[in-house]
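Novice: Input target33.csv, format and content: CSV, C-alpha atoms and all ligand atoms.
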```csv
chain,number,residue,atom,x,y,z
U,1,MET,CA,71.3,120.0,86.0
U,2,LYS,CA,74.4,118.6,87.8
U,3,VAL,CA,73.9,115.2,89.5
U,4,PRO,CA,76.9,113.9,91.4
U,5,PHE,CA,77.3,110.1,91.9
U,6,SER,CA,77.3,109.6,95.7
U,7,PRO,CA,78.4,112.5,97.9
U,8,PRO,CA,78.2,111.6,101.6
U,9,ARG,CA,75.3,112.9,103.6
U,10,MET,CA,76.8,115.6,105.9
U,11,ASP,CA,74.9,117.7,108.5
U,12,GLN,CA,75.5,119.7,111.6
U,13,LYS,CA,75.1,116.6,113.8
U,14,MET,CA,78.1,114.9,112.1
U,15,ALA,CA,80.1,118.1,112.2
U,16,ASP,CA,79.4,118.5,115.9
U,17,ALA,CA,80.4,114.9,116.6
U,18,VAL,CA,83.7,115.5,114.9
U,19,VAL,CA,84.4,118.8,116.7
U,20,ASP,CA,83.5,117.2,120.1
U,21,THR,CA,86.0,114.5,119.5
U,22,LEU,CA,88.7,116.9,118.4
U,23,PHE,CA,88.4,118.8,121.7
U,24,SER,CA,87.8,115.7,123.8
U,25,GLY,CA,91.5,115.1,124.5
U,26,TRP,CA,91.6,111.9,122.6
U,27,ILE,CA,91.5,111.7,118.8
U,28,THR,CA,92.8,108.3,117.8
U,29,THR,CA,91.6,104.8,118.7
U,30,GLY,CA,89.8,105.1,122.1
U,31,PRO,CA,86.4,105.3,123.7
U,32,LYS,CA,84.4,106.2,120.6
U,33,THR,CA,85.9,103.4,118.5
U,34,LYS,CA,85.1,101.0,121.3
U,35,LEU,CA,81.5,102.3,121.5
U,36,LEU,CA,81.1,101.9,117.7
U,37,GLU,CA,82.4,98.3,118.0
U,38,ASP,CA,79.9,97.5,120.7
U,39,ASN,CA,77.1,99.2,118.8
U,40,LEU,CA,77.9,97.3,115.6
U,41,SER,CA,77.9,94.0,117.5
U,42,LEU,CA,74.4,94.9,118.8
U,43,TYR,CA,73.2,96.1,115.4
U,44,THR,CA,74.3,93.0,113.5
U,45,GLY,CA,74.0,90.4,116.3
U,46,GLY,CA,77.7,89.6,115.9
U,47,LYS,CA,79.7,88.1,118.7
U,48,ALA,CA,82.4,90.8,118.6
U,49,THR,CA,83.6,93.6,116.3
U,50,VAL,CA,86.9,95.2,115.4
U,51,CYS,CA,86.9,98.6,113.8
U,52,LEU,CA,89.7,99.4,111.4
U,53,ASN,CA,90.8,101.9,108.8
U,54,SER,CA,89.2,100.0,105.9
U,55,ALA,CA,87.3,96.9,104.8
U,56,THR,CA,90.4,95.9,103.0
U,57,ALA,CA,92.4,95.8,106.2
U,58,GLY,CA,89.6,93.7,107.8
U,59,LEU,CA,89.7,91.2,105.0
U,60,GLU,CA,93.5,90.9,105.2
U,61,LEU,CA,93.6,90.6,109.0
U,62,ALA,CA,91.0,87.9,108.9
U,63,LEU,CA,93.0,85.9,106.3
U,64,ARG,CA,96.2,86.3,108.3
U,65,TRP,CA,94.4,85.4,111.5
U,66,PHE,CA,93.3,82.1,109.8
U,67,GLY,CA,96.9,81.5,108.7
U,68,VAL,CA,96.4,81.8,104.9
U,69,LYS,CA,99.8,81.7,103.2
U,70,GLU,CA,101.8,80.7,100.2
U,71,GLY,CA,100.4,77.5,98.5
U,72,ASP,CA,96.8,78.2,99.7
U,73,GLU,CA,93.9,79.1,97.5
U,74,VAL,CA,91.0,81.5,98.2
U,75,ILE,CA,87.9,81.4,96.1
U,76,LEU,CA,86.3,84.7,95.2
U,77,PRO,CA,84.1,86.1,92.3
U,78,ALA,CA,85.8,87.5,89.2
U,79,TYR,CA,83.2,90.3,89.5
U,80,THR,CA,84.3,92.4,92.4
U,81,TYR,CA,86.5,95.3,93.4
U,82,CYS,CA,90.2,94.6,93.4
U,83,ALA,CA,90.5,94.7,97.2
U,84,THR,CA,88.9,91.2,97.5
U,85,ALA,CA,91.7,89.7,95.4
U,86,ASN,CA,94.6,92.0,96.5
U,87,VAL,CA,94.5,90.9,100.1
U,88,VAL,CA,94.8,87.2,99.0
U,89,LEU,CA,97.9,88.1,97.0
U,90,HIS,CA,99.3,90.1,99.9
U,91,CYS,CA,99.2,86.8,102.0
U,92,GLY,CA,101.1,85.0,99.2
U,93,ALA,CA,98.1,82.8,98.4
U,94,ARG,CA,96.3,82.4,95.1
U,95,PRO,CA,92.9,84.0,94.3
U,96,VAL,CA,90.8,81.4,92.5
U,97,LEU,CA,88.3,83.4,90.5
U,98,VAL,CA,84.9,82.0,89.7
U,99,ASP,CA,82.1,83.4,87.6
U,100,VAL,CA,79.0,85.1,88.9
U,101,SER,CA,75.3,84.5,88.2
U,102,GLU,CA,72.8,86.8,86.5
U,103,ASP,CA,72.2,88.5,89.9
U,104,PHE,CA,75.9,89.6,90.0
U,105,ASN,CA,76.7,87.4,93.0
U,106,ILE,CA,79.1,84.4,93.1
U,107,ASP,CA,77.8,81.2,91.4
U,108,VAL,CA,77.7,78.5,94.1
U,109,ASP,CA,77.9,75.7,91.5
U,110,GLN,CA,81.1,77.2,90.2
U,111,ILE,CA,82.5,77.3,93.7
U,112,LYS,CA,82.0,73.6,94.1
U,113,LYS,CA,84.1,73.0,91.0
U,114,ALA,CA,86.9,75.3,92.2
U,115,ILE,CA,87.4,73.7,95.6
U,116,THR,CA,90.7,71.8,96.0
U,117,PRO,CA,92.7,70.5,99.0
U,118,HIS,CA,94.4,73.9,99.0
U,119,THR,CA,91.2,75.9,99.4
U,120,LYS,CA,91.3,77.6,102.8
U,121,VAL,CA,88.7,80.4,102.4
U,122,ILE,CA,85.7,81.4,100.3
U,123,MET,CA,85.2,85.2,100.0
U,124,PRO,CA,81.7,85.9,98.7
U,125,VAL,CA,80.8,89.5,97.9
U,126,ASP,CA,77.3,90.9,98.6
U,127,ILE,CA,77.3,93.0,95.5
U,128,ALA,CA,75.2,96.2,95.6
U,129,GLY,CA,74.1,95.2,99.1
U,130,MET,CA,72.2,92.1,98.1
U,131,PRO,CA,73.5,89.1,100.2
U,132,VAL,CA,74.7,86.0,98.4
U,133,ASP,CA,73.0,82.6,99.1
U,134,TYR,CA,74.9,81.8,102.3
U,135,ASP,CA,72.9,78.7,103.1
U,136,ALA,CA,74.0,77.2,99.8
U,137,ILE,CA,77.6,78.0,100.5
U,138,TYR,CA,77.5,76.5,104.1
U,139,LYS,CA,75.7,73.4,102.7
U,140,LEU,CA,78.6,73.0,100.3
U,141,ILE,CA,81.5,73.5,102.8
U,142,ASN,CA,79.9,71.3,105.4
U,143,ASP,CA,79.4,68.5,102.9
U,144,PRO,CA,81.3,65.5,104.3
U,145,GLU,CA,83.1,65.0,101.0
U,146,ILE,CA,84.3,68.6,100.8
U,147,LYS,CA,85.2,68.6,104.5
U,148,ALA,CA,87.3,65.5,104.0
U,149,LYS,CA,89.3,67.4,101.4
U,150,PHE,CA,90.2,70.3,103.7
U,151,ARG,CA,93.8,70.3,104.9
U,152,ALA,CA,94.3,72.2,108.1
U,153,ASP,CA,97.7,73.8,108.7
U,154,SER,CA,97.2,76.5,111.4
U,155,ASP,CA,95.7,76.0,114.8
U,156,GLU,CA,92.7,78.1,113.7
U,157,GLN,CA,92.2,75.9,110.6
U,158,LYS,CA,92.3,72.7,112.8
U,159,LYS,CA,89.8,74.2,115.2
U,160,LEU,CA,87.4,75.2,112.4
U,161,GLY,CA,87.9,72.0,110.5
U,162,ARG,CA,86.5,73.3,107.3
U,163,ILE,CA,86.8,76.1,104.8
U,164,MET,CA,86.2,79.5,106.3
U,165,VAL,CA,83.6,81.9,104.8
U,166,LEU,CA,84.9,85.5,104.9
U,167,ALA,CA,82.2,87.8,103.5
U,168,ASP,CA,83.3,90.9,101.6
U,169,ALA,CA,80.4,92.8,103.1
U,170,ALA,CA,81.8,96.2,102.0
U,171,HIS,CA,78.4,97.0,100.4
U,172,SER,CA,76.0,95.2,102.7
U,173,ILE,CA,75.7,96.7,106.2
U,174,GLY,CA,72.0,96.6,107.0
U,175,ALA,CA,71.1,94.0,104.4
U,176,THR,CA,69.3,90.8,105.5
U,177,TYR,CA,69.3,87.2,104.5
U,178,LYS,CA,66.4,85.0,105.8
U,179,GLY,CA,65.8,87.6,108.5
U,180,ARG,CA,69.5,87.7,109.7
U,181,LYS,CA,71.6,90.8,109.2
U,182,SER,CA,74.8,91.0,107.2
U,183,GLY,CA,77.6,90.5,109.7
U,184,VAL,CA,76.2,87.2,111.0
U,185,LEU,CA,75.9,85.5,107.7
U,186,ALA,CA,79.5,84.3,107.4
U,187,ASP,CA,82.2,83.3,109.9
U,188,MET,CA,83.7,86.8,109.6
U,189,SER,CA,82.4,89.8,107.6
U,190,SER,CA,84.1,93.0,106.6
U,191,PHE,CA,82.1,96.2,106.2
U,192,SER,CA,83.4,99.3,104.5
U,193,PHE,CA,82.8,102.8,105.8
U,194,HIS,CA,84.6,104.4,102.8
U,195,ALA,CA,83.3,107.9,101.7
U,196,VAL,CA,81.1,106.4,98.9
U,197,LYS,CA,79.6,103.6,100.9
U,198,ASN,CA,76.3,103.7,102.8
U,199,LEU,CA,77.7,104.5,106.2
U,200,PRO,CA,80.7,106.7,105.6
U,201,THR,CA,83.4,107.7,108.1
U,202,ALA,CA,85.7,109.0,105.2
U,203,GLU,CA,87.8,105.9,105.4
U,204,GLY,CA,87.0,103.0,107.7
U,205,GLY,CA,85.8,99.5,108.1
U,206,ALA,CA,84.8,96.8,110.6
U,207,VAL,CA,85.2,93.1,111.0
U,208,ILE,CA,82.2,91.3,112.5
U,209,ILE,CA,83.2,88.0,114.2
U,210,ASN,CA,80.6,85.3,114.0
U,211,LEU,CA,82.7,82.1,114.4
U,212,PRO,CA,81.3,78.9,115.8
U,213,ASP,CA,81.2,78.8,119.7
U,214,ILE,CA,84.4,76.6,119.9
U,215,PHE,CA,86.2,79.9,119.3
U,216,ASP,CA,86.4,82.5,122.1
U,217,SER,CA,85.2,85.6,120.2
U,218,ALA,CA,86.6,88.1,122.7
U,219,ALA,CA,90.0,86.4,122.3
U,220,VAL,CA,89.8,86.5,118.5
U,221,GLN,CA,88.8,90.2,118.8
U,222,LYS,CA,91.9,90.8,120.9
U,223,GLN,CA,94.1,89.0,118.4
U,224,LEU,CA,92.8,91.0,115.5
U,225,LYS,CA,93.2,94.3,117.4
U,226,THR,CA,96.8,93.3,118.3
U,227,LYS,CA,97.5,92.6,114.6
U,228,SER,CA,96.0,96.0,113.7
U,229,LEU,CA,98.4,97.9,116.0
U,230,HIS,CA,101.9,96.6,115.3
U,231,GLY,CA,101.4,93.5,117.4
U,232,GLN,CA,101.4,95.6,120.5
U,233,ASN,CA,99.8,94.0,123.6
U,234,LYS,CA,98.3,97.3,124.8
U,235,ASP,CA,96.2,99.8,122.9
U,236,ALA,CA,97.3,103.5,122.7
U,237,LEU,CA,94.9,104.6,125.4
U,238,GLU,CA,96.1,102.0,127.9
U,239,LYS,CA,99.7,102.8,127.1
U,240,THR,CA,99.2,106.5,127.7
U,241,LYS,CA,97.6,106.1,131.1
U,242,VAL,CA,99.8,107.2,134.1
U,243,GLY,CA,102.2,104.4,134.9
U,244,GLY,CA,101.1,102.3,131.9
U,245,TRP,CA,104.2,102.8,129.8
U,246,ARG,CA,105.5,99.2,129.5
U,247,TYR,CA,104.2,97.1,126.6
U,248,ASP,CA,105.3,94.2,124.5
U,249,ILE,CA,105.3,93.5,120.8
U,250,VAL,CA,104.0,89.9,120.4
U,251,GLU,CA,104.3,89.7,116.6
U,252,PRO,CA,105.3,92.1,113.8
U,253,GLY,CA,101.8,93.4,113.2
U,254,TYR,CA,100.2,95.9,110.9
U,255,LYS,CA,99.0,99.5,111.3
U,256,CYS,CA,95.3,99.9,110.4
U,257,ASN,CA,93.4,101.0,113.4
U,258,MET,CA,90.4,103.3,113.3
U,259,THR,CA,90.5,106.8,114.9
U,260,ASP,CA,87.9,108.2,117.2
U,261,ILE,CA,87.3,111.0,114.7
U,262,GLN,CA,86.1,108.4,112.2
U,263,ALA,CA,84.2,106.5,114.9
U,264,ALA,CA,82.3,109.7,115.9
U,265,LEU,CA,80.9,109.9,112.3
U,266,GLY,CA,80.1,106.2,112.3
U,267,LEU,CA,78.2,106.5,115.7
U,268,VAL,CA,76.0,109.3,114.3
U,269,GLU,CA,75.2,107.4,111.1
U,270,LEU,CA,74.6,104.0,112.7
U,271,GLU,CA,72.1,105.3,115.1
U,272,ARG,CA,69.8,106.6,112.3
U,273,TYR,CA,70.8,104.1,109.7
U,274,ASP,CA,67.7,101.8,109.5
U,275,ALA,CA,65.1,104.5,110.2
U,276,ASP,CA,66.6,107.2,108.0
U,277,MET,CA,69.4,106.2,105.6
U,278,LEU,CA,67.9,102.9,104.5
U,279,VAL,CA,64.4,104.3,104.2
U,280,LYS,CA,65.7,107.1,102.0
U,281,ARG,CA,67.8,104.8,99.8
U,282,ARG,CA,64.9,102.5,99.3
U,283,GLN,CA,62.7,105.4,98.1
U,284,ILE,CA,65.4,106.3,95.5
U,285,PHE,CA,65.6,102.7,94.3
U,286,ASP,CA,61.8,102.5,94.1
U,287,ALA,CA,61.7,105.7,92.2
U,288,TYR,CA,64.2,104.5,89.6
U,289,THR,CA,62.4,101.1,89.2
U,290,LYS,CA,59.0,102.7,88.8
U,291,LYS,CA,60.2,105.1,86.1
U,292,LEU,CA,62.2,102.4,84.2
U,293,GLU,CA,59.8,99.5,84.4
U,294,LYS,CA,58.0,100.6,81.2
U,295,TYR,CA,61.2,100.4,79.0
U,296,ASP,CA,61.8,97.0,77.3
U,297,TRP,CA,65.6,97.7,77.2
U,298,ALA,CA,65.9,98.2,81.0
U,299,GLU,CA,67.0,95.1,83.0
U,300,LEU,CA,66.3,96.2,86.6
U,301,PRO,CA,68.2,95.1,89.7
U,302,GLU,CA,66.4,92.9,92.2
U,303,TYR,CA,66.7,94.4,95.7
U,304,ASP,CA,63.9,92.8,97.7
U,305,SER,CA,63.2,89.0,97.4
U,306,GLU,CA,61.6,86.6,99.8
U,307,ASP,CA,64.9,85.6,101.4
U,308,LYS,CA,67.0,88.7,100.8
U,309,LYS,CA,66.6,92.4,101.5
U,310,SER,CA,69.2,94.7,100.1
U,311,CYS,CA,70.6,97.8,101.9
U,312,TYR,CA,70.3,99.6,98.6
U,313,HIS,CA,73.9,100.5,98.2
U,314,ILE,CA,74.2,100.9,94.4
U,315,TYR,CA,71.5,100.7,91.7
U,316,MET,CA,73.0,98.4,89.0
U,317,LEU,CA,71.0,98.7,85.8
U,318,ARG,CA,71.7,96.7,82.7
U,319,ILE,CA,70.7,97.6,79.2
U,320,LYS,CA,69.4,94.6,77.2
U,321,GLY,CA,71.1,93.6,74.0
U,322,VAL,CA,73.8,96.3,73.9
U,323,THR,CA,77.5,95.8,73.3
U,324,GLU,CA,80.2,97.2,75.6
U,325,ALA,CA,80.9,100.0,73.1
U,326,GLN,CA,77.2,100.9,73.0
U,327,ARG,CA,77.0,101.0,76.8
U,328,ASP,CA,80.1,103.3,76.8
U,329,GLN,CA,78.3,105.5,74.3
U,330,ILE,CA,75.2,105.7,76.5
U,331,ILE,CA,77.4,106.7,79.4
U,332,GLN,CA,78.9,109.4,77.2
U,333,TYR,CA,75.5,110.9,76.4
U,334,ILE,CA,74.5,110.8,80.1
U,335,SER,CA,77.8,112.5,81.1
U,336,ASP,CA,77.1,115.2,78.5
U,337,GLU,CA,74.0,116.0,80.6
U,338,GLU,CA,76.2,116.4,83.7
U,339,VAL,CA,75.0,113.3,85.4
U,340,ALA,CA,77.7,111.1,87.0
U,341,VAL,CA,77.1,107.4,86.6
U,342,ASN,CA,79.5,104.6,87.1
U,343,VAL,CA,80.2,101.0,86.1
U,344,HIS,CA,80.4,98.4,88.9
U,345,PHE,CA,82.7,96.6,88.3
U,346,GLN,CA,85.3,96.0,85.7
U,347,PRO,CA,85.8,92.2,86.3
U,348,LEU,CA,89.3,91.5,87.6
U,349,PRO,CA,90.5,89.7,84.4
U,350,LEU,CA,90.1,93.0,82.5
U,351,LEU,CA,92.7,94.8,84.7
U,352,THR,CA,96.4,94.8,84.0
U,353,ALA,CA,97.6,93.3,87.3
U,354,TYR,CA,95.4,90.3,87.1
U,355,LYS,CA,96.0,89.8,83.3
U,356,ASN,CA,99.6,89.6,84.3
U,357,TYR,CA,98.8,86.7,86.7
U,358,GLY,CA,97.2,84.9,83.7
U,359,TYR,CA,93.5,85.4,84.4
U,360,LYS,CA,91.4,85.5,81.1
U,361,MET,CA,88.1,87.3,80.6
U,362,ASN,CA,86.8,84.5,78.4
U,363,ASP,CA,86.8,82.2,81.3
U,364,TYR,CA,84.1,84.3,83.0
U,365,PRO,CA,81.3,84.8,80.4
U,366,VAL,CA,78.5,85.9,82.8
U,367,SER,CA,80.8,88.4,84.5
U,368,TRP,CA,81.6,89.8,81.1
U,369,ASP,CA,78.0,90.0,80.0
U,370,ASN,CA,77.0,91.7,83.3
U,371,TYR,CA,79.8,94.2,83.0
U,372,SER,CA,79.4,95.0,79.3
U,373,ARG,CA,75.8,96.1,79.8
U,374,GLU,CA,76.0,97.7,83.2
U,375,ILE,CA,75.4,101.3,84.3
U,376,THR,CA,75.2,102.3,88.0
U,377,LEU,CA,72.8,105.2,88.6
U,378,PRO,CA,73.5,107.9,91.3
U,379,VAL,CA,72.1,107.1,94.7
U,380,PHE,CA,72.7,109.4,97.7
U,381,TYR,CA,70.8,110.7,100.7
U,382,ASP,CA,70.2,114.2,99.5
U,383,ILE,CA,69.3,113.5,95.8
U,384,SER,CA,66.1,115.4,94.9
U,385,ASN,CA,63.1,114.3,92.9
U,386,GLU,CA,64.2,116.8,90.2
U,387,GLN,CA,67.6,115.1,90.0
U,388,ILE,CA,66.1,111.6,89.8
U,389,ASN,CA,63.9,112.8,86.9
U,390,TRP,CA,66.9,114.3,85.2
U,391,VAL,CA,68.9,111.1,85.6
U,392,ILE,CA,66.1,109.1,84.0
U,393,ASP,CA,65.7,111.7,81.2
U,394,ALA,CA,69.4,111.7,80.4
U,395,LEU,CA,69.5,107.9,80.5
U,396,VAL,CA,66.4,107.4,78.2
U,397,ARG,CA,67.8,110.0,75.7
U,398,GLY,CA,71.2,108.3,75.8
U,399,VAL,CA,69.7,104.8,75.2
U,400,GLU,CA,67.3,106.0,72.5
U,401,LYS,CA,70.1,107.9,70.6
U,402,THR,CA,72.4,104.9,70.9
U,403,LEU,CA,69.9,102.3,69.8
U,404,ALA,CA,68.3,104.5,67.0
Q,1,LIG,C1,84.8,99.5,98.6
Q,1,LIG,C2,85.0,98.0,98.5
Q,1,LIG,C3,86.0,97.4,99.2
Q,1,LIG,C4,87.0,98.1,100.0
Q,1,LIG,O1,86.6,98.9,101.0
Q,1,LIG,P1,87.6,99.9,101.7
Q,1,LIG,O2,86.9,100.3,103.0
Q,1,LIG,O3,87.9,101.0,100.8
Q,1,LIG,O4,88.9,99.1,102.0
Q,1,LIG,C5,86.1,96.0,99.1
Q,1,LIG,N1,85.2,95.3,98.4
Q,1,LIG,C6,84.3,95.9,97.7
Q,1,LIG,C7,83.3,95.0,96.9
Q,1,LIG,C8,84.1,97.3,97.7
Q,1,LIG,O5,83.2,97.9,96.9
```
What's the structure tokens form of this structure?
Specialist:
Amino acid sequence: MKVPFSPPRMDQKMADAVVDTLFSGWITTGPKTKLLEDNLSLYTGGKATVCLNSATAGLELALRWFGVKEGDEVILPAYTYCATANVVLHCGARPVLVDVSEDFNIDVDQIKKAITPHTKVIMPVDIAGMPVDYDAIYKLINDPEIKAKFRADSDEQKKLGRIMVLADAAHSIGATYKGRKSGVLADMSSFSFHAVKNLPTAEGGAVIINLPDIFDSAAVQKQLKTKSLHGQNKDALEKTKVGGWRYDIVEPGYKCNMTDIQAALGLVELERYDADMLVKRRQIFDAYTKKLEKYDWAELPEYDSEDKKSCYHIYMLRIKGVTEAQRDQIIQYISDEEVAVNVHFQPLPLLTAYKNYGYKMNDYPVSWDNYSREITLPVFYDISNEQINWVIDALVRGVEKTLA
């Protein structure tokens, strides 16, 4: 039986939403994108939202908005997707990688050791949809000793007066920490709507603005939007209106706006996200956990604790006591049964680009251990009980053959 990894849920409602948009007379950034922004602010409790073509663009615009540049340092986990580090390098700053904990998320004690007077931003990643311990991070950056170290260069840095927390929330839309939703856990958060994520618009992302009240959120939203469209002071819709031809370019901006076609998909999915998508994903997670609990070799992911509720993005299983080669062997057996699994993630120091910057895997022992034993199981809206059983059978056979 074939089991794909994470095809997007697609139905007539989504197809109709796209077709409606195609014939609406407006296909790029316009009323649907604006509505999705408003709905995301309502959904998360955020002060304002900017929809973009990716989470990566959101992270980079946020760094640029804060004035991150050459000579600055940004702290992020060694265990993440490359996007988190790449955007820091694009700004000319240095990614300072720190190790993660057993739960895959950034280790706050290690953050403390990594802070220097050059640290401008911390970028935690809510791996698998499980939020990091934001209270511990804010306690750290608001510590008078750490605050005194902070050197503000840009106006925004002076106004904030401390390190900014920019969440790579690519996985965590719908997750909660102490009852608050992802989006309002950090100063700014970037969601991904990429095809394999929980709420797909093919490509897409959104920045949720949750800065302290000394900032005018509507003004920050406008600044980010301007940056996302060449630095143009009017959006495409305004500019196209009769008589509205004149515009100005206030800075050499980027080009990473969302289209209304993407927004149309996002609007359909967001409306039924909590009551449908999250319920379904939770059932799949529970089914895997229930079937795997009895195996001593299975180290199961936590996705529901007193403080944190996951949005069940990816099911990150670890196999106890195996080497990387044995894990790869298990994946080979599972693949032979036509089941698509994955490894989240190869820590950055394993990848050529970061090796070339001098990062060394040995410096991040927990990241290595997590990675070397990790297998991500397929989770998607339409997975059937038969497919779930097949995944478990293939996995159990793979592990037993490998460990025999
Ligand atoms: C997918 C992902 C991103 C990038 O999202 P895009 O929308 O593709 O830019 C960033 N960080 C993490 C951890 C991701 O998994």
Novice: Write out as an MDAnalysis selection string each polymer residue whose atoms come within 12 Å of U:Leu199, counting only C-alpha atoms; drop sequence neighbours fewer than 6 positions from it.
Specialist: chainID U and resid 6:10 14 40 170:174 191:193 205:206 262:274 276:278 281 311:313 380:381
Novice: For ligand LIG 1 (chain Q), which residue among U:Gly30, U:Pro77, U:Gly231, U:Gly67 is the nearest when counting all atoms listed in the file?
Specialist: U:Pro77
Novice: Give the answer as one residue: which of U:Glu203, U:Glu145, U:Asp109, U:Glu70 has the shortest atom-to-atom distance to ligand LIG 1 (chain Q), using all atoms listed in the file?
Specialist: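 With all atoms listed in the file as the atom set, the closest residue is U:Glu203.
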Novice: Measuring between only C-alpha atoms, which one of U:Met130, U:Leu76, U:Ala219, U:Val121 shows the shortest distance to U:Ser182?
Specialist: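 Among the listed residues, U:Met130 lies closest to U:Ser182.
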Novice: Calculated over all atoms listed in the file, which of the candidates U:Pro212, U:Gly253, U:Pro349, U:Pro31 has the smallest distance to U:His230?
Specialist: U:Gly253
Novice: Could you check which of U:Thr259, U:Gly321, U:Phe345, U:Ile75 is closest to U:Leu22, using all atoms listed in the file?
Specialist: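 Closest to U:Leu22, using all atoms listed in the file: U:Thr259.
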Novice: Of the candidates U:Ala298, U:Ala85, U:Leu292, U:Val100, which shows the shortest atom-to-atom distance to ligand LIG 1 (chain Q), using only C-alpha atoms and all ligand atoms?
Specialist: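 Counting only C-alpha atoms and all ligand atoms, the residue closest to ligand LIG 1 (chain Q) is U:Ala85.
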Novice: Please indicate the distance in Å from atom CA of U:Leu140 to atom CA of U:Ser367, rounded to one decimal place.
Specialist: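 One can read the atom CA of U:Leu140 to atom CA of U:Ser367 distance as 22.2 Å.
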Novice: Report as a short mmCIF file (atom, residue, chain, number, x, y, z; two decimals) with C-alpha atoms, keeping the file's coordinate frame which protein, DNA and RNA residues come within 9 Å of ligand LIG 1 (chain Q), using only C-alpha atoms and all ligand atoms.
Specialist:
```
data_model
loop_
_atom_site.label_atom_id
_atom_site.label_comp_id
_atom_site.auth_asym_id
_atom_site.auth_seq_id
_atom_site.Cartn_x
_atom_site.Cartn_y
_atom_site.Cartn_z
CA LEU U 52 89.70 99.40 111.40
CA ASN U 53 90.80 101.90 108.80
CA SER U 54 89.20 100.00 105.90
CA ALA U 55 87.30 96.90 104.80
CA THR U 56 90.40 95.90 103.00
CA ALA U 57 92.40 95.80 106.20
CA GLY U 58 89.60 93.70 107.80
CA LEU U 59 89.70 91.20 105.00
CA TYR U 79 83.20 90.30 89.50
CA THR U 80 84.30 92.40 92.40
CA TYR U 81 86.50 95.30 93.40
CA CYS U 82 90.20 94.60 93.40
CA ALA U 83 90.50 94.70 97.20
CA THR U 84 88.90 91.20 97.50
CA VAL U 125 80.80 89.50 97.90
CA ASP U 126 77.30 90.90 98.60
CA ILE U 127 77.30 93.00 95.50
CA ALA U 128 75.20 96.20 95.60
CA ASP U 168 83.30 90.90 101.60
CA ALA U 169 80.40 92.80 103.10
CA ALA U 170 81.80 96.20 102.00
CA HIS U 171 78.40 97.00 100.40
CA SER U 190 84.10 93.00 106.60
CA PHE U 191 82.10 96.20 106.20
CA SER U 192 83.40 99.30 104.50
CA PHE U 193 82.80 102.80 105.80
CA HIS U 194 84.60 104.40 102.80
CA ALA U 195 83.30 107.90 101.70
CA VAL U 196 81.10 106.40 98.90
CA LYS U 197 79.60 103.60 100.90
CA GLU U 203 87.80 105.90 105.40
CA GLY U 204 87.00 103.00 107.70
CA GLY U 205 85.80 99.50 108.10
CA ALA U 206 84.80 96.80 110.60
CA HIS U 344 80.40 98.40 88.90
CA PHE U 345 82.70 96.60 88.30
#
```
Novice: Find the distance between atom CA of U:Gly179 and atom CA of U:Glu306 and write it in Å to one decimal.
Specialist: 9.7 Å
Novice: Could you state the separation of atom CA of U:Gln232 and atom CA of U:Asn257 in Å, given to one decimal place?
Specialist: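 Computing the Euclidean distance for atom CA of U:Gln232 and atom CA of U:Asn257 yields 12.0 Å.
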Novice: Please provide the set of residues having any atom within 10 Å of U:Ala48, restricted to all atoms listed in the file, with same-chain residues fewer than 5 positions apart removed, written as a ChimeraX atom specification.
Specialist: /U:37-42,188,207-211,216-222
Novice: Identify, on the basis of only C-alpha atoms, every residue whose closest approach to stretch 283-291 of chain U does not exceed 10 Å; exclude the query and any residue fewer than 3 positions from it along the same chain; express the result as a list in words.
Specialist: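 Selected residues are Leu278, Val279, Lys280, Lys294, Tyr295, Ala298, Glu299, Leu300, Pro301, Glu302, Tyr303, Tyr312, His313, Ile314, Tyr315, Leu317, Leu377, Pro378, Val379, Phe380, Tyr381, Ile383, Ser384, Asn385, Ile388, Asn389, Val391, Ile392 and Asp393 of chain U.
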